[in-house]
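Have a look at protein19.cif; it's mmCIF, C-alpha atoms:
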```cif
data_coords
loop_
_atom_site.label_atom_id
_atom_site.label_comp_id
_atom_site.auth_asym_id
_atom_site.auth_seq_id
_atom_site.Cartn_x
_atom_site.Cartn_y
_atom_site.Cartn_z
CA MET A 181 -51.74 32.90 5.76
CA THR A 182 -50.44 34.45 2.61
CA ALA A 183 -51.95 33.13 -0.58
CA ALA A 184 -49.91 30.57 -2.49
CA SER A 185 -47.13 30.72 0.03
CA THR A 186 -45.36 27.42 0.16
CA VAL A 187 -41.97 28.61 1.29
CA LEU A 188 -40.62 27.53 4.61
CA GLU A 189 -38.07 29.97 5.97
CA GLY A 190 -34.50 28.85 5.75
CA LEU A 191 -32.13 29.23 8.67
CA PRO A 192 -30.45 32.59 9.15
CA PRO A 193 -26.74 32.92 8.49
CA GLY A 194 -24.61 31.54 11.31
CA THR A 195 -26.54 28.28 11.25
CA PRO A 196 -26.42 26.36 14.51
CA ASP A 197 -24.42 23.18 14.85
CA PHE A 198 -26.62 20.47 13.30
CA GLY A 199 -24.93 17.77 15.37
CA GLY A 200 -25.84 19.70 18.50
CA LEU A 201 -29.47 19.82 17.38
CA ILE A 202 -29.55 16.03 16.90
CA THR A 203 -27.97 15.51 20.30
CA SER A 204 -30.55 17.79 21.86
CA ILE A 205 -33.31 15.71 20.29
CA ALA A 206 -31.74 12.53 21.65
CA ARG A 207 -31.29 13.92 25.15
CA SER A 208 -34.57 15.69 25.70
CA GLY A 209 -36.92 15.18 22.75
CA ASP A 210 -36.28 18.82 21.82
CA LYS A 211 -38.93 19.71 19.24
CA GLY A 212 -37.49 23.16 18.67
CA ALA A 213 -34.24 21.55 17.61
CA PHE A 214 -36.19 19.16 15.39
CA ALA A 215 -38.00 22.08 13.75
CA HIS A 216 -34.66 23.71 12.91
CA LEU A 217 -33.39 20.50 11.31
CA PHE A 218 -36.66 20.01 9.46
CA ARG A 219 -36.61 23.51 8.03
CA HIS A 220 -33.10 23.07 6.72
CA PHE A 221 -33.07 19.49 5.54
CA ALA A 222 -36.58 18.49 4.53
CA PRO A 223 -36.73 20.86 1.53
CA ARG A 224 -33.24 19.80 0.48
CA ILE A 225 -34.03 16.11 0.76
CA LYS A 226 -37.14 16.80 -1.29
CA ALA A 227 -35.00 18.51 -3.94
CA TYR A 228 -32.60 15.53 -3.88
CA LEU A 229 -35.44 13.08 -4.45
CA ARG A 230 -36.98 15.18 -7.23
CA ARG A 231 -33.65 15.12 -9.03
CA GLN A 232 -33.66 11.35 -8.70
CA GLY A 233 -36.95 11.29 -10.58
CA ALA A 234 -39.49 11.17 -7.77
CA ASP A 235 -42.74 13.03 -8.34
CA GLU A 236 -43.71 15.96 -6.15
CA ALA A 237 -45.92 14.02 -3.74
CA THR A 238 -43.52 11.10 -3.30
CA ALA A 239 -40.55 13.41 -2.80
CA GLU A 240 -42.37 15.30 -0.10
CA GLU A 241 -43.58 12.13 1.61
CA VAL A 242 -40.12 10.55 1.64
CA ALA A 243 -38.51 13.79 2.82
CA GLN A 244 -40.89 13.86 5.78
CA GLU A 245 -40.19 10.19 6.48
CA ALA A 246 -36.46 10.95 6.46
CA LEU A 247 -36.87 13.59 9.14
CA LEU A 248 -39.08 11.26 11.15
CA GLN A 249 -36.23 8.76 11.03
CA VAL A 250 -33.83 11.47 12.18
CA TRP A 251 -36.08 11.94 15.21
CA ARG A 252 -36.48 8.25 15.94
CA LYS A 253 -32.81 7.41 15.51
CA ALA A 254 -31.37 10.55 17.09
CA ALA A 255 -29.93 8.50 19.95
CA LEU A 256 -28.09 6.32 17.43
CA TYR A 257 -26.31 9.32 15.88
CA ASP A 258 -22.59 8.95 16.58
CA PRO A 259 -20.51 12.06 15.90
CA ALA A 260 -17.40 9.84 15.88
CA ARG A 261 -18.58 8.18 12.71
CA ALA A 262 -19.99 11.02 10.66
CA GLY A 263 -21.01 14.64 10.75
CA ALA A 264 -24.69 15.52 11.05
CA SER A 265 -25.40 16.33 7.42
CA THR A 266 -23.53 13.18 6.34
CA TRP A 267 -25.67 11.09 8.69
CA ILE A 268 -28.85 12.73 7.42
CA PHE A 269 -27.69 12.21 3.83
CA THR A 270 -27.24 8.48 4.47
CA ILE A 271 -30.77 8.27 5.90
CA ALA A 272 -32.17 9.99 2.79
CA ARG A 273 -30.02 7.83 0.51
CA ASN A 274 -31.15 4.58 2.14
CA LEU A 275 -34.81 5.62 1.96
CA ARG A 276 -34.36 6.42 -1.70
CA ILE A 277 -32.89 2.97 -2.39
CA ASP A 278 -35.59 1.28 -0.30
CA LEU A 279 -38.66 3.23 -1.41
CA LEU A 280 -37.81 4.54 -4.89
CA ARG A 281 -35.64 1.72 -6.24
CA LYS A 282 -37.20 -0.98 -4.04
CA GLU A 283 -33.83 -2.61 -3.43
CA ARG A 284 -31.86 -3.49 -0.33
CA ARG A 285 -28.56 -1.77 0.19
CA PRO A 286 -25.78 -4.31 0.86
CA GLU A 287 -23.57 -3.05 3.68
CA VAL A 288 -20.53 -4.15 5.63
CA ASP A 289 -21.50 -6.13 8.71
CA PRO A 290 -19.59 -4.78 11.73
CA GLN A 291 -19.89 -8.25 13.33
CA ASP A 292 -18.55 -10.08 10.28
CA PRO A 293 -15.72 -12.43 11.36
CA LEU A 294 -14.07 -11.66 8.01
CA LEU A 295 -13.99 -7.90 8.68
CA VAL A 296 -10.44 -6.57 8.46
CA ALA A 297 -9.98 -3.89 11.11
CA ASP A 298 -8.52 -0.47 10.37
CA PRO A 299 -4.85 -0.75 11.31
CA HIS A 300 -4.63 2.95 12.12
CA PRO A 301 -7.72 3.87 14.12
CA GLY A 302 -7.67 7.58 14.98
CA ALA A 303 -7.08 8.65 18.57
CA ASP A 304 -10.04 11.02 18.49
CA ALA A 305 -12.64 9.72 16.11
CA ALA A 306 -15.11 12.56 16.67
CA LEU A 307 -12.46 15.15 15.88
CA GLU A 308 -11.54 13.21 12.78
CA ALA A 309 -15.12 12.95 11.54
CA GLY A 310 -15.58 16.71 12.00
CA GLN A 311 -12.28 17.43 10.27
CA ARG A 312 -13.16 15.10 7.43
CA ASP A 313 -16.43 16.94 6.86
CA SER A 314 -14.85 20.39 6.82
CA LYS A 315 -11.98 19.27 4.57
CA VAL A 316 -14.43 17.65 2.16
CA ALA A 317 -16.62 20.76 2.16
CA ASP A 318 -13.55 22.90 1.41
CA ALA A 319 -12.39 20.58 -1.35
CA LEU A 320 -15.82 20.65 -3.00
CA ARG A 321 -16.03 24.44 -2.74
CA CYS A 322 -12.62 24.77 -4.41
CA LEU A 323 -13.34 22.46 -7.33
CA PRO A 324 -13.31 24.15 -10.73
CA PRO A 325 -16.92 24.55 -11.90
CA ASP A 326 -16.67 21.93 -14.65
CA GLN A 327 -15.55 19.32 -12.13
CA ALA A 328 -18.12 20.41 -9.54
CA ASP A 329 -20.88 20.06 -12.15
CA VAL A 330 -20.06 16.46 -13.02
CA VAL A 331 -19.76 15.55 -9.33
CA ARG A 332 -23.19 17.01 -8.63
CA LEU A 333 -24.75 15.30 -11.62
CA SER A 334 -23.31 11.90 -10.80
CA PHE A 335 -24.13 12.17 -7.11
CA PHE A 336 -27.51 13.72 -7.16
CA GLU A 337 -29.05 13.02 -10.49
CA ASP A 338 -28.14 9.38 -10.77
CA LEU A 339 -26.92 9.84 -14.33
CA SER A 340 -24.53 7.39 -15.91
CA HIS A 341 -21.32 8.80 -17.33
CA SER A 342 -22.79 8.57 -20.83
CA GLU A 343 -25.90 10.44 -19.73
CA ILE A 344 -23.78 13.18 -18.15
CA ALA A 345 -21.77 13.43 -21.37
CA GLU A 346 -25.00 13.89 -23.31
CA ARG A 347 -26.43 16.40 -20.86
CA LEU A 348 -23.31 18.56 -20.97
CA SER A 349 -22.51 17.90 -24.63
CA ILE A 350 -18.98 16.79 -23.85
CA PRO A 351 -17.14 13.57 -24.69
CA LEU A 352 -17.49 10.59 -22.37
CA GLY A 353 -13.75 10.57 -21.75
CA THR A 354 -13.94 14.16 -20.51
CA VAL A 355 -16.64 13.23 -18.01
CA LYS A 356 -14.56 10.35 -16.70
CA SER A 357 -11.41 12.40 -16.36
CA ARG A 358 -13.20 15.32 -14.64
CA LEU A 359 -14.73 12.89 -12.13
CA ARG A 360 -11.38 11.20 -11.60
CA LEU A 361 -9.71 14.53 -10.89
CA ALA A 362 -12.50 15.74 -8.62
CA PHE A 363 -12.63 12.56 -6.54
CA SER A 364 -8.89 12.46 -6.33
CA LYS A 365 -8.81 16.03 -5.02
CA VAL A 366 -11.47 15.33 -2.42
CA ARG A 367 -9.69 12.20 -1.19
CA GLY A 368 -6.38 14.01 -1.32
CA GLU A 369 -7.67 16.86 0.90
CA VAL A 370 -8.73 14.33 3.49
CA GLY A 371 -5.35 12.68 3.16
CA ASP A 372 -6.67 9.21 2.49
CA LEU A 373 -5.33 8.47 -0.96
CA LEU A 374 -3.63 5.09 -1.17
CA MET B 70 -11.49 -9.54 13.04
CA THR B 71 -8.74 -11.04 10.92
CA ALA B 72 -5.35 -9.87 9.79
CA HIS B 73 -4.99 -9.99 6.08
CA PRO B 74 -2.37 -9.60 3.38
CA ALA B 75 -2.53 -6.16 1.81
CA ILE B 76 -5.04 -5.57 -0.94
CA HIS B 77 -3.51 -4.17 -4.12
CA HIS B 78 -6.47 -3.82 -6.46
CA HIS B 79 -9.42 -1.66 -5.50
CA PRO B 80 -12.60 -0.44 -7.16
CA SER B 81 -12.20 2.96 -8.85
CA ASP B 82 -13.12 6.16 -7.02
CA ALA B 83 -16.10 6.49 -9.38
CA THR B 84 -17.38 3.09 -8.23
CA LEU B 85 -16.82 3.83 -4.53
CA ALA B 86 -18.50 7.22 -4.92
CA ALA B 87 -21.46 5.62 -6.69
CA TYR B 88 -21.78 3.17 -3.80
CA ALA B 89 -21.64 6.06 -1.31
CA ALA B 90 -24.20 7.99 -3.33
CA GLY B 91 -26.56 5.03 -3.54
CA SER B 92 -26.46 5.06 -7.34
CA ALA B 93 -24.48 1.85 -7.89
CA THR B 94 -26.44 -1.04 -9.41
CA GLU B 95 -27.51 -3.74 -6.97
CA GLY B 96 -24.79 -6.16 -8.10
CA THR B 97 -22.04 -3.56 -7.98
CA ALA B 98 -23.17 -2.44 -4.52
CA LEU B 99 -23.03 -6.05 -3.33
CA LEU B 100 -19.51 -6.50 -4.67
CA VAL B 101 -18.34 -3.21 -3.15
CA ALA B 102 -19.82 -4.11 0.25
CA CYS B 103 -17.91 -7.41 0.09
CA HIS B 104 -14.65 -5.67 -0.86
CA LEU B 105 -15.14 -3.15 1.96
CA THR B 106 -15.26 -6.05 4.42
CA TYR B 107 -11.61 -6.73 3.57
CA CYS B 108 -10.44 -3.17 2.96
CA PRO B 109 -10.33 -0.40 5.61
CA ALA B 110 -8.77 2.01 3.10
CA CYS B 111 -11.82 1.82 0.85
CA ARG B 112 -14.15 2.07 3.86
CA ASN B 113 -12.42 5.38 4.58
CA ALA B 114 -12.87 6.44 0.97
CA VAL B 115 -16.58 5.62 1.12
CA ALA B 116 -16.84 7.64 4.35
CA THR B 117 -15.20 10.54 2.53
CA PHE B 118 -17.67 10.28 -0.35
CA GLU B 119 -20.60 10.05 2.06
CA SER B 120 -19.28 13.21 3.63
CA ALA B 121 -19.35 14.77 0.15
CA GLY B 122 -22.98 13.68 -0.11
CA GLY B 123 -23.71 15.37 3.20
CA SER B 124 -21.97 18.56 2.18
CA LEU B 125 -23.76 18.68 -1.17
CA LEU B 126 -27.10 18.00 0.53
CA GLU B 127 -26.56 20.71 3.12
CA THR B 128 -25.91 23.35 0.45
CA MET B 129 -28.36 22.17 -2.16
CA PRO B 130 -31.04 24.60 -3.41
CA PRO B 131 -34.15 23.64 -1.45
CA ASP B 132 -37.48 22.59 -2.94
CA PRO B 133 -40.16 24.11 -0.70
CA LEU B 134 -42.53 21.77 1.10
CA THR B 135 -46.24 22.39 1.25
CA VAL B 136 -47.53 24.82 3.84
CA GLY B 137 -48.09 23.13 7.17
CA ALA B 138 -45.71 20.24 6.49
CA LEU B 139 -43.70 20.90 9.63
CA ASP B 140 -46.84 21.17 11.75
CA SER B 141 -48.19 17.92 10.40
CA VAL B 142 -44.89 16.14 11.11
CA LEU B 143 -44.79 17.59 14.63
CA THR B 144 -48.30 16.25 15.12
CA ARG B 145 -47.17 12.83 13.94
CA LEU B 146 -44.33 12.95 16.45
CA GLY B 147 -46.91 13.65 19.12
CA ASP B 148 -45.55 12.55 22.43
CA SER B 149 -43.17 9.99 21.02
CA THR B 150 -39.58 10.13 22.17
CA PRO B 151 -36.50 9.15 20.22
CA GLU B 152 -35.68 5.46 20.59
CA ALA B 153 -33.20 4.66 23.32
CA PRO B 154 -29.83 3.46 22.04
CA THR B 155 -29.53 -0.34 22.00
CA ALA B 156 -26.56 -2.34 23.22
CA ALA B 157 -25.42 -2.87 19.62
CA PRO B 158 -22.67 -0.52 18.40
CA ALA B 159 -24.07 2.74 17.04
CA GLN B 160 -24.18 2.94 13.27
CA ALA B 161 -24.31 6.04 11.15
CA THR B 162 -26.82 4.36 8.84
CA PRO B 163 -29.87 2.26 9.67
CA PRO B 164 -28.81 -1.39 10.08
CA PRO B 165 -29.33 -3.70 7.09
CA PRO B 166 -32.16 -6.26 7.20
CA PRO B 167 -31.10 -9.60 8.73
CA PRO B 168 -29.57 -12.11 6.28
CA PHE B 169 -31.86 -14.91 5.19
CA SER B 170 -29.14 -17.55 4.78
CA ALA B 171 -29.54 -20.80 6.73
CA PRO B 172 -27.16 -21.01 9.70
CA ALA B 173 -24.02 -23.15 9.70
CA GLU B 174 -24.29 -24.83 6.31
CA THR B 175 -21.09 -26.73 5.84
CA GLU B 176 -19.76 -25.29 2.62
CA ARG B 177 -21.13 -21.84 3.28
CA ALA B 178 -19.27 -21.70 6.59
CA ALA B 179 -16.10 -23.26 5.17
CA LEU B 180 -15.99 -20.76 2.33
CA LEU B 181 -15.99 -17.89 4.83
CA LEU B 182 -17.96 -15.58 2.61
CA PRO B 183 -18.45 -11.94 3.59
CA SER B 184 -21.82 -11.31 5.27
CA PRO B 185 -23.41 -9.27 2.45
CA LEU B 186 -22.79 -12.15 0.04
CA LYS B 187 -24.06 -14.78 2.45
CA ALA B 188 -27.26 -12.76 2.73
CA ALA B 189 -27.70 -12.76 -1.05
CA LEU B 190 -27.01 -16.44 -1.77
CA PRO B 191 -29.94 -18.70 -2.60
CA MET B 192 -31.18 -21.07 0.05
CA THR B 193 -30.02 -24.61 -0.65
CA GLY B 194 -32.46 -26.66 1.36
CA THR B 195 -30.96 -29.19 3.79
CA ALA B 196 -28.28 -28.23 6.25
CA ASP B 197 -25.88 -30.81 4.78
CA SER B 198 -25.94 -29.71 1.18
CA GLY B 199 -23.27 -27.43 -0.20
CA LEU B 200 -23.90 -24.42 -2.34
CA PRO B 201 -25.84 -25.11 -5.57
CA TRP B 202 -22.93 -24.98 -8.06
CA ARG B 203 -23.84 -25.55 -11.71
CA THR B 204 -21.22 -26.62 -14.22
CA LEU B 205 -20.77 -24.07 -16.99
CA ALA B 206 -17.82 -25.74 -18.72
CA PRO B 207 -15.09 -28.21 -17.63
CA GLY B 208 -13.49 -26.77 -14.48
CA ILE B 209 -15.89 -23.85 -14.32
CA LYS B 210 -18.91 -23.79 -12.00
CA GLN B 211 -21.26 -20.94 -11.21
CA ILE B 212 -24.11 -19.86 -8.97
CA PRO B 213 -26.33 -16.92 -9.95
CA VAL B 214 -26.40 -14.55 -6.99
CA LEU B 215 -28.66 -11.77 -8.13
CA PRO B 216 -31.21 -11.88 -10.90
CA ARG B 217 -30.58 -9.46 -13.70
CA THR B 218 -30.74 -5.90 -12.57
CA GLY B 219 -32.97 -3.41 -14.31
CA ALA B 220 -30.08 -2.56 -16.62
CA GLY B 221 -29.63 -6.18 -17.68
CA GLY B 222 -26.56 -6.90 -15.59
CA ASN B 223 -26.10 -9.72 -13.12
CA ALA B 224 -23.96 -11.06 -10.28
CA ARG B 225 -22.61 -14.61 -10.21
CA LEU B 226 -20.29 -16.62 -8.03
CA PHE B 227 -17.72 -18.62 -10.01
CA LYS B 228 -15.58 -21.56 -8.93
CA VAL B 229 -12.74 -22.15 -11.37
CA ALA B 230 -10.16 -24.96 -11.35
CA PRO B 231 -6.39 -24.22 -11.22
CA HIS B 232 -4.83 -22.90 -14.44
CA LYS B 233 -8.18 -22.48 -16.18
CA SER B 234 -9.25 -19.24 -17.85
CA LEU B 235 -12.61 -17.75 -17.23
CA PRO B 236 -14.51 -18.02 -20.49
CA LYS B 237 -13.36 -15.48 -23.04
CA HIS B 238 -16.08 -12.91 -23.43
CA GLY B 239 -16.76 -9.30 -24.15
CA HIS B 240 -19.27 -7.57 -21.96
CA SER B 241 -21.44 -4.55 -22.26
CA GLY B 242 -21.14 -2.15 -19.39
CA ARG B 243 -18.52 -2.38 -16.69
CA GLU B 244 -17.46 -5.72 -15.22
CA TYR B 245 -16.13 -6.31 -11.71
CA THR B 246 -14.40 -9.42 -10.34
CA LEU B 247 -13.84 -9.86 -6.59
CA VAL B 248 -11.63 -12.75 -5.43
CA LEU B 249 -12.96 -14.69 -2.45
CA ARG B 250 -10.54 -17.60 -2.50
CA GLY B 251 -7.39 -18.43 -4.45
CA SER B 252 -6.08 -16.04 -7.08
CA PHE B 253 -5.95 -15.26 -10.77
CA SER B 254 -3.69 -13.24 -13.04
CA ASP B 255 -4.47 -11.10 -16.03
CA ALA B 256 -2.63 -8.43 -18.02
CA VAL B 257 -2.86 -6.01 -15.06
CA GLY B 258 -1.37 -8.30 -12.43
CA CYS B 259 -2.17 -10.92 -9.81
CA PHE B 260 -5.43 -10.72 -7.88
CA THR B 261 -5.91 -12.47 -4.54
CA VAL B 262 -8.54 -12.52 -1.77
CA GLY B 263 -10.29 -9.15 -1.47
CA ASP B 264 -8.83 -7.74 -4.71
CA VAL B 265 -11.19 -6.29 -7.31
CA ALA B 266 -10.60 -6.21 -11.07
CA GLU B 267 -12.67 -3.45 -12.67
CA VAL B 268 -12.85 -3.54 -16.44
CA GLU B 269 -14.50 -1.14 -18.83
CA GLU B 270 -16.86 -2.18 -21.56
CA SER B 271 -14.35 -2.02 -24.37
CA THR B 272 -11.80 -4.30 -22.71
CA VAL B 273 -11.61 -8.00 -23.42
CA HIS B 274 -9.52 -9.59 -20.68
CA ASN B 275 -8.35 -13.09 -19.90
CA PRO B 276 -8.08 -13.91 -16.20
CA VAL B 277 -6.18 -17.18 -15.61
CA VAL B 278 -6.46 -19.01 -12.28
CA GLU B 279 -3.24 -19.68 -10.37
CA GLU B 280 -2.26 -22.80 -8.40
CA THR B 281 -5.37 -23.28 -6.29
CA GLU B 282 -9.05 -23.27 -7.12
CA CYS B 283 -10.36 -19.73 -7.41
CA ILE B 284 -13.74 -18.57 -6.17
CA CYS B 285 -14.80 -15.12 -7.24
CA LEU B 286 -17.86 -12.91 -7.51
CA ILE B 287 -18.35 -11.43 -10.97
CA VAL B 288 -20.73 -8.55 -11.57
CA THR B 289 -21.60 -7.14 -14.96
CA GLU B 290 -23.61 -4.02 -15.50
CA GLY B 291 -24.85 -5.13 -18.91
CA PRO B 292 -25.52 -8.49 -20.53
CA LEU B 293 -22.52 -10.66 -21.35
CA ARG B 294 -21.56 -11.30 -24.92
CA TYR B 295 -19.69 -14.57 -25.18
CA ARG B 296 -17.04 -14.95 -27.85
CA GLY B 297 -15.88 -18.03 -29.58
CA MET B 298 -17.54 -21.37 -30.17
CA ILE B 299 -17.81 -22.38 -26.54
CA GLY B 300 -19.50 -19.08 -25.91
CA ARG B 301 -22.02 -19.65 -28.68
CA LEU B 302 -22.78 -23.16 -27.40
CA LEU B 303 -23.10 -22.04 -23.81
CA GLN B 304 -25.13 -18.93 -24.30
CA PRO B 305 -28.56 -20.57 -24.66
CA LEU B 306 -27.72 -22.96 -21.78
CA THR B 307 -26.74 -20.23 -19.41
CA GLY B 308 -29.67 -18.13 -20.48
CA LEU B 309 -27.60 -15.01 -20.94
#
```
Now, as a test, write the supplied structure out as structure tokens.
Amino acid sequence: MTAASTVLEGLPPGTPDFGGLITSIARSGDKGAFAHLFRHFAPRIKAYLRRQGADEATAEEVAQEALLQVWRKAALYDPARAGASTWIFTIARNLRIDLLRKERRPEVDPQDPLLVADPHPGADAALEAGQRDSKVADALRCLPPDQADVVRLSFFEDLSHSEIAERLSIPLGTVKSRLRLAFSKVRGEVGDLL
Amino acid sequence: MTAHPAIHHHPSDATLAAYAAGSATEGTALLVACHLTYCPACRNAVATFESAGGSLLETMPPDPLTVGALDSVLTRLGDSTPEAPTAAPAQATPPPPPPFSAPAETERAALLLPSPLKAALPMTGTADSGLPWRTLAPGIKQIPVLPRTGAGGNARLFKVAPHKSLPKHGHSGREYTLVLRGSFSDAVGCFTVGDVAEVEESTVHNPVVEETECICLIVTEGPLRYRGMIGRLLQPLTGL
């Protein structure tokens, strides 16, 4: 064991299909697949939680809990609804709301009699979820840096628009318009603007 | 599932993204979840923003875990297997906790409130009693839904008689109004069931109820500042 070595190796380039790893966990309790997911996502979930203000120990604990939930709920993962990293993000997000903010997240109830159904359900939902993810990833990659920065700050550092303006030393109106443009581009790429 | 007239007024992208990111205040998140019940277009937008969250997470610079973390988690897994899927439809997110509202209360059922709001409403006691409306002013009743959030905002259900205005007030922080029954008009247009008015801090607006009684959920992200004499009289009574 090397002294002071706390680095877990990241995945090599050509990363395997994360959705496939989750499915393998669900089908056969594949611990190798779990280890791959852990090595990629646990340190990133930890980083996410640190940016939200969690201390080192809490961030690590919650990151581990998130991956435990990935294991436990692997059979509930539905590629038709979301890509793998999106699903894992929602697990981390919900844990953060539950454990760090100590709130409950209000969500749409799929059994709600008031629920208005999507009038244009896609023919192949899994294809659509995968396409959505790759289009969103492309849109984010292509954002001008000043828009990408405000998106990252608002998403991952839980800063209000005023706080972002202060952090970047730009006017509040500039923050709002950069976010508006960025979100509009992302939605536009996916083709779901009203 | 119900058919529904089209929704014309939606929360902003910033609000939907905040909901997707988990950074919306509790009241705002509640209002968004209610709006999403009526609005497949915004559900799609939220899915898009969640996908952005996933993409950003996947490519984020990692923060290394302590040595042996993976081994200790593998040990915790032990011989456990992933839970078998249940008969309920698969969800991308863990299911919400069960609502604590009493079943089949007359007014609660008649109002046909979206599930997230039903879950947040205070218990009223006997099965026969209606919701605990409190009169704020002639023709205006309210029920507090959430206590003040950490930022000093709140969420309240309002029932307003035809042709009445909601009290004139300025507000600190953003304010959202979701229509649950009836409709109102303001400078922007007409808002009916499922529509959301989203107003910035600097705006003073005057929603006026149309022909039928209007029930709406109003969320503020900062404390209200009432204007005018009625406001000054009411403020200590409403404890704002």
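For the atom pair formed by CA of Glu337 (chain A) and CA of Arg219 (chain A), the distance is 22.6 Å, given to one decimal.
For the choices B:Thr106, B:Ser141, B:Asn223, B:Ser124, the atom-to-atom distance to Ile287 (chain B) is smallest for B:Asn223 when using only C-alpha atoms.
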- Query: For this file, the PyMOL selection byres ((chain A and resi 330) around 10) selects which residues, as a PyMOL selection string?
  - Reply: chain A and resi 325-329+331-337+339+341+344-345+348+354-356+358-359+362
- Note on the structure: Computed gap from CA of Leu247 (chain B) to CA of Val262 (chain B) is 7.6 Å
- Counting only C-alpha atoms, figure out which residue out of B:Ala153, B:Val268, B:Leu249, B:Leu85 gets nearest to chain A.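 Residue with the minimum atom-to-atom distance to chain A: B:Ala153.
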- Using all atoms listed in the file, which residues sit within 9 Å of His104 (chain B) once same-chain residues fewer than 2 positions away are excluded, as a ChimeraX atom specification? /A:288 /B:79-80,99-102,106-108,111,183,247-248,263-265
- Item | Contacts of Thr144 (chain B) at 12 Å (only C-alpha atoms; same-chain gap of 4+ positions) as an MDAnalysis selection string | (chainID A and resid 211 215 248) or (chainID B and resid 137:140 148:149)
Put those residues in a file: C-alpha atoms, as a short mmCIF file (atom, residue, chain, number, x, y, z; two decimals), keeping the file's coordinate frame.
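Output file selection-v4.cif follows:
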```cif
data_model
loop_
_atom_site.label_atom_id
_atom_site.label_comp_id
_atom_site.auth_asym_id
_atom_site.auth_seq_id
_atom_site.Cartn_x
_atom_site.Cartn_y
_atom_site.Cartn_z
CA LYS A 211 -38.93 19.71 19.24
CA ALA A 215 -38.00 22.08 13.75
CA LEU A 248 -39.08 11.26 11.15
CA GLY B 137 -48.09 23.13 7.17
CA ALA B 138 -45.71 20.24 6.49
CA LEU B 139 -43.70 20.90 9.63
CA ASP B 140 -46.84 21.17 11.75
CA ASP B 148 -45.55 12.55 22.43
CA SER B 149 -43.17 9.99 21.02
#
```
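For the file at hand, the PyMOL selection byres ((chain A and resi 226-233) around 8) resolves to Ala222, Pro223, Arg224, Ile225, Ala234, Asp235, Glu236, Ala239, Glu240, Val242, Ala243, Arg276, Phe336, Glu337 and Asp338 of chain A; Leu126, Met129, Pro130, Pro131, Asp132, Pro133 and Leu134 of chain B.
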- Pairwise distance for CA of Phe118 (chain B) and CA of Ala90 (chain B), rounded to one decimal in Å: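 Atom-to-atom, CA of Phe118 (chain B) and CA of Ala90 (chain B) are spaced 7.5 Å apart.
Counting all atoms listed in the file, Arg360 (chain A) has the following residues at most 9 Å away, ignoring those fewer than 5 positions along the same chain: Val355 and Lys365 of chain A; Ser81, Asp82 and Ala83 of chain B.
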- So what does the PyMOL selection byres ((chain B and resi 95) around 9) actually pick up in this one, as an MDAnalysis selection string? (chainID A and resid 283:286) or (chainID B and resid 92:94 96:100 215 218 223:224)
- Message: Given all atoms listed in the file as the basis, pick out the residue of B:Thr84, B:Thr272, B:Ala121, B:Leu226 nearest to chain A.
- Response: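 That would be B:Ala121, the residue with the smallest distance to chain A.
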For a cut-off of 10 Å around (-7.0, -20.6, -13.2), file coordinates, pick out all residues using only C-alpha atoms and list them as a compact mmCIF listing (two decimals) with C-alpha atoms, in the coordinates of the input.
```txt
# COMPACT_ATOMS: atom_id res chain seq x y z
CA GLY B 208 -13.49 -26.77 -14.48
CA ILE B 209 -15.89 -23.85 -14.32
CA LYS B 228 -15.58 -21.56 -8.93
CA VAL B 229 -12.74 -22.15 -11.37
CA ALA B 230 -10.16 -24.96 -11.35
CA PRO B 231 -6.39 -24.22 -11.22
CA HIS B 232 -4.83 -22.90 -14.44
CA LYS B 233 -8.18 -22.48 -16.18
CA SER B 234 -9.25 -19.24 -17.85
CA LEU B 235 -12.61 -17.75 -17.23
CA GLY B 251 -7.39 -18.43 -4.45
CA SER B 252 -6.08 -16.04 -7.08
CA PHE B 253 -5.95 -15.26 -10.77
CA SER B 254 -3.69 -13.24 -13.04
CA PRO B 276 -8.08 -13.91 -16.20
CA VAL B 277 -6.18 -17.18 -15.61
CA VAL B 278 -6.46 -19.01 -12.28
CA GLU B 279 -3.24 -19.68 -10.37
CA GLU B 280 -2.26 -22.80 -8.40
CA THR B 281 -5.37 -23.28 -6.29
CA GLU B 282 -9.05 -23.27 -7.12
CA CYS B 283 -10.36 -19.73 -7.41
CA ILE B 284 -13.74 -18.57 -6.17
```
